[in-house]
Amino acid sequence: MEGLIHAARSALRLIFSGDATLGGIVLLSLGVSLSAVLVATLVGLPLGAAIGVGRFPGRRAVVVLLNALMGLPPVVVGLFVYLMLSRAGPLGSLGILFTPTAMVIAQTILILPIIAALCRQAVEDAWTEYEEQLRSLGATGVSAALTLVWEIRFSLLTAVLAGLGRASAEVGAVMIVGGNIDGVTRVMTTTIALETSKGDLPLALALGLVLILLVIALNAAAAYVKDAAQRRYG
Amino acid sequence: MILPLKLEDVFFVAGGRVIIERISAEISAGPSTIILGANGAGKSVLMRLMHGLLAPASGKIVWRSNDTARLQAMVFQRPVLLRRSALANVTYALKLARVPHAERERLALEALESVGLAAFARRPARVLSGGEQQRLALARAWALHPEVLFLDEPTASLDPTASREIERVIQAFDAAGTKIIMATHNLGQARRLGDEVLFLHQGRLVERAPVEQFFSRPASPEAAAFIKGELPWV
């Protein structure tokens, strides 16, 4: 118990003293995960909207597959990206294995299905409500899809946030493709895993606290925005 | 002129059930047409077939002119409004109708004025009351200056005061020369707003008559029972 209290004290001291190592790790984590969210959002929202509004053969299978991919195990994604980027792999010549770029790629693959699937569901629900009215007014295809996406913009924030939560919390994929290299590819989750097994609890605990606080703060902000929008726009 | 509208042996089937059974009719400009019938008689489906939201299983629905899209509008039982201001809801419809940008706001404000919502132009549409939302839906149709206006039980979910306001706006449409085609199961409303009645029973067009004649001397037993408030299938 005393060890734990001691570790917690040291962890708080690390956080409030503005420790450079800790700061670097947090910044790299945010950089990697936010980049992945940005790419996955740019691809995932249009993809989800298209599947939500579109009618094409095999659509049901695509929806089932997309939903299944939401549960992709991070280590498997890590392994797949590793195989692609390793020297012998098809993209080995890029030489980006064990760089933050590789980590962004892995996390993008991991969260793209989450953002696309949640967007697909939201757009489809909205389409049920709006379809007749929009068709009556003469909105079809891309124009209708854009109107819908704008209508549910605050719900889509939740989808994007779910992606960010998943990206910043996963450890398996970034561990494999990043290699957990000190000062280069070491992020919050991989550091926690490493330091815990090394027995350096203060740093692990400090990072754990920062990670949890970040996730809570993001979700609180999103909930606030959504509530405010609900009151403002109905 | 897009009227008259001709229906020839129109059938509509959903889920193996015949919803509309061999309906032939010619709807001409002028008299307000009320589509009357019990719940499930096929009123809403018939209106959607005429408006083009549904395609008939067999039979033909022919307007006098082919380019009808912008010349007909529809107001639904539950108005579907976009999460933006009342004014923006109307300008959105004008934009889809390819009205030049410079004219949209003026036309939209005029339309809001005509339904008594000018003061609410900047309010978010979705936080208006039920009656106000329905009047906004009417303003959205008004701005398009349609030749034909379909109304699907526009007052079914409104209180008497709100219903009266809606009826007043519908009469203004009529006075401005718009052809009214309205589905309702409200007999008083049919008398107040209609010139002729199409009476549907179990998907068939059972009777067509001027309003006064329909209510004083119904020709079919189904219509007589409906007017008396009896349930003909019991």
# chains A, B, ... in the order shown; residues from 1 in each chain; ligands from 1
>>> residues_around(residues="B:Gln72", least_positions_apart="2", cutoff="9 Å", atoms="only C-alpha atoms", output="PyMOL selection string")
(chain A and resi 136) or (chain B and resi 2+51+68-70+74+141+144-150)
>>> residues_around(residues="A:Gln230", least_positions_apart="4", cutoff="12 Å", atoms="only C-alpha atoms", output="PyMOL selection string")
(chain A and resi 151-155+223-226+234) or (chain B and resi 83-84+124+126-127)
>>> write_last_selection(atoms="N, CA and C atoms", output="tab-separated table (two decimals), in the first residue's frame")
chain	number	residue	atom	x	y	z
A	151	GLU	N	-27.28	17.71	-41.38
A	151	GLU	CA	-28.35	17.62	-40.39
A	151	GLU	C	-27.90	16.90	-39.13
A	152	ILE	N	-27.09	15.85	-39.30
A	152	ILE	CA	-26.72	15.02	-38.15
A	152	ILE	C	-25.29	15.29	-37.70
A	153	ARG	N	-24.80	16.51	-38.01
A	153	ARG	CA	-23.39	16.81	-37.73
A	153	ARG	C	-23.03	16.60	-36.27
A	154	PHE	N	-23.97	16.83	-35.36
A	154	PHE	CA	-23.62	16.69	-33.95
A	154	PHE	C	-23.60	15.22	-33.52
A	155	SER	N	-24.39	14.39	-34.17
A	155	SER	CA	-24.31	12.96	-33.89
A	155	SER	C	-23.00	12.39	-34.42
A	223	ALA	N	-20.22	15.93	-25.21
A	223	ALA	CA	-21.57	15.89	-24.64
A	223	ALA	C	-22.12	17.30	-24.51
A	224	TYR	N	-21.25	18.23	-24.12
A	224	TYR	CA	-21.68	19.62	-23.95
A	224	TYR	C	-22.10	20.21	-25.30
A	225	VAL	N	-21.26	19.99	-26.31
A	225	VAL	CA	-21.57	20.52	-27.64
A	225	VAL	C	-22.90	19.95	-28.13
A	226	LYS	N	-23.09	18.64	-27.92
A	226	LYS	CA	-24.30	17.98	-28.40
A	226	LYS	C	-25.55	18.54	-27.70
A	234	GLY	N	-32.84	21.93	-31.87
A	234	GLY	CA	-33.92	20.97	-31.74
A	234	GLY	C	-33.60	19.61	-32.30
B	83	ARG	N	-32.57	21.12	-39.50
B	83	ARG	CA	-32.02	21.77	-38.31
B	83	ARG	C	-31.32	23.07	-38.72
B	84	ARG	N	-32.13	24.03	-39.09
B	84	ARG	CA	-31.63	25.36	-39.40
B	84	ARG	C	-32.79	26.32	-39.21
B	124	PRO	N	-34.74	28.75	-34.95
B	124	PRO	CA	-34.50	27.38	-35.43
B	124	PRO	C	-35.84	26.67	-35.67
B	126	ARG	N	-36.80	23.59	-35.76
B	126	ARG	CA	-37.20	22.42	-34.97
B	126	ARG	C	-37.68	22.74	-33.57
B	127	VAL	N	-37.49	23.99	-33.13
B	127	VAL	CA	-37.99	24.30	-31.79
B	127	VAL	C	-39.33	25.04	-31.85
>>> closest_residue(among="B:Val115, B:Leu107, B:Leu136, B:Ala57", to="B:Leu82", atoms="only C-alpha atoms")
B:Leu136
>>> select_by_dssp(residues="stretch 2-229 of chain B", states="strand (DSSP E or B)", output="PyMOL selection string")
chain B and resi 5-14+17-27+33-36+58-63+72-75+85+124+148-152+179-184+196-201+204-210
>>> closest_residue(among="A:Val76, A:Leu213, A:Met103, A:Ala206", to="A:Ser35", atoms="only C-alpha atoms")
A:Met103
>>> closest_atom_pairs(of="chain A", to="chain B", cutoff="10 Å", atoms="only C-alpha atoms", output="tab-separated table")
residue	atom	partner	partner_atom	distance
A:Glu129	CA	B:Val80	CA	7.4
A:Tyr130	CA	B:Val80	CA	6.4
A:Glu131	CA	B:Val80	CA	9.4
A:Glu132	CA	B:Leu53	CA	6.8
A:Gln133	CA	B:Val80	CA	6.4
A:Leu134	CA	B:Val80	CA	8.9
A:Arg135	CA	B:Leu53	CA	7.2
A:Ser136	CA	B:Met74	CA	6.6
A:Leu137	CA	B:Ala93	CA	6.1
A:Gly138	CA	B:Leu96	CA	6.2
A:Ala139	CA	B:Leu96	CA	6.6
A:Thr140	CA	B:Leu96	CA	9.9
A:Ser143	CA	B:Leu96	CA	9.2
A:Thr147	CA	B:Leu82	CA	8.7
A:Leu148	CA	B:Leu82	CA	9.0
A:Trp150	CA	B:Arg83	CA	8.6
A:Glu151	CA	B:Arg83	CA	5.9
A:Ile152	CA	B:Arg83	CA	8.6
A:Arg153	CA	B:Arg83	CA	10.0
A:Ala229	CA	B:Arg83	CA	9.6
A:Gln230	CA	B:Val127	CA	9.4
A:Arg231	CA	B:Val127	CA	8.2
A:Arg232	CA	B:Pro124	CA	7.1
A:Tyr233	CA	B:Pro124	CA	5.4
A:Gly234	CA	B:Arg126	CA	4.8
>>> closest_residue(among="B:Leu205, B:Leu112, B:Ala118, B:Leu193", to="B:Ala143", atoms="only C-alpha atoms")
B:Leu112
>>> atom_distance(atom1="atom CA of B:Pro31", atom2="atom CA of B:Ala108")
27.2 Å
>>> residues_around(residues="B:Asn186", least_positions_apart="3", cutoff="12 Å", atoms="only C-alpha atoms", output="list in words")
Ile34, Ile35, Leu36, Gly37, Ala38, Asn39, Asp152, Glu153, Pro154, Thr155, Ala156, Ser157, Pro160, Ser163, Met182, Ala183, Gln189, Ala190, Arg191, Arg192, Leu193, Gly194, Phe226, Ile227 and Gly229 of chain B
>>> residues_around(residues="B:Ala209", least_positions_apart="3", cutoff="10 Å", atoms="only C-alpha atoms", output="PDB file with C-alpha atoms, in the first residue's frame")
ATOM      1  CA  THR B  33     -60.106  17.389 -54.336  1.00  0.00           C
ATOM      2  CA  ASP B 195     -65.215  20.798 -53.726  1.00  0.00           C
ATOM      3  CA  GLU B 196     -65.203  17.152 -54.678  1.00  0.00           C
ATOM      4  CA  VAL B 197     -64.589  13.893 -52.829  1.00  0.00           C
ATOM      5  CA  LEU B 198     -62.766  10.757 -53.890  1.00  0.00           C
ATOM      6  CA  PHE B 199     -63.866   8.085 -51.434  1.00  0.00           C
ATOM      7  CA  GLU B 212     -72.523  18.406 -50.973  1.00  0.00           C
ATOM      8  CA  GLN B 213     -73.891  15.458 -52.869  1.00  0.00           C
ATOM      9  CA  PHE B 214     -71.402  13.062 -51.242  1.00  0.00           C
ATOM     10  CA  PHE B 215     -72.464  14.027 -47.749  1.00  0.00           C
ATOM     11  CA  ARG B 217     -76.756  11.462 -50.776  1.00  0.00           C
ATOM     12  CA  PRO B 218     -73.812   9.027 -50.722  1.00  0.00           C
ATOM     13  CA  ALA B 219     -74.246   6.513 -53.522  1.00  0.00           C
TER      14      ALA B 219
END
>>> residues_around(residues="stretch 55-63 of chain A", least_positions_apart="6", cutoff="10 Å", atoms="only C-alpha atoms", output="list of chain:residue names")
A:Gly48, A:Leu69, A:Ala116, A:Ala117, A:Arg120, A:Gln121
>>> write_last_selection(atoms="N, CA and C atoms", output="mmCIF file, in the first residue's frame")
data_model
loop_
_atom_site.group_PDB
_atom_site.id
_atom_site.type_symbol
_atom_site.label_atom_id
_atom_site.label_comp_id
_atom_site.auth_asym_id
_atom_site.auth_seq_id
_atom_site.Cartn_x
_atom_site.Cartn_y
_atom_site.Cartn_z
ATOM 1 N N GLY A 48 -19.338 6.137 -45.066
ATOM 2 C CA GLY A 48 -20.508 5.745 -44.278
ATOM 3 C C GLY A 48 -21.786 6.347 -44.832
ATOM 4 N N LEU A 69 -15.942 -5.208 -38.670
ATOM 5 C CA LEU A 69 -14.594 -4.627 -38.638
ATOM 6 C C LEU A 69 -14.415 -3.635 -37.485
ATOM 7 N N ALA A 116 -16.872 4.939 -39.981
ATOM 8 C CA ALA A 116 -17.743 4.698 -41.139
ATOM 9 C C ALA A 116 -19.035 3.992 -40.714
ATOM 10 N N ALA A 117 -18.930 3.000 -39.833
ATOM 11 C CA ALA A 117 -20.114 2.229 -39.444
ATOM 12 C C ALA A 117 -21.082 3.084 -38.625
ATOM 13 N N ARG A 120 -22.697 5.480 -40.972
ATOM 14 C CA ARG A 120 -23.666 4.772 -41.814
ATOM 15 C C ARG A 120 -24.995 4.626 -41.064
ATOM 16 N N GLN A 121 -24.895 4.200 -39.807
ATOM 17 C CA GLN A 121 -26.114 4.004 -39.011
ATOM 18 C C GLN A 121 -26.872 5.324 -38.828
#
>>> atom_distance(atom1="atom CA of A:Ala50", atom2="atom CA of A:Ile115")
13.0 Å
>>> select_by_dssp(residues="stretch 37-154 of chain A", states="helix (DSSP H, G or I)", output="PyMOL selection string")
chain A and resi 37-53+59-69+74-85+92-94+100-137+141-151+153-154
>>> closest_residue(among="A:Leu161, A:Ser93, A:Pro73, A:Asp182", to="A:Ala220", atoms="only C-alpha atoms")
A:Leu161
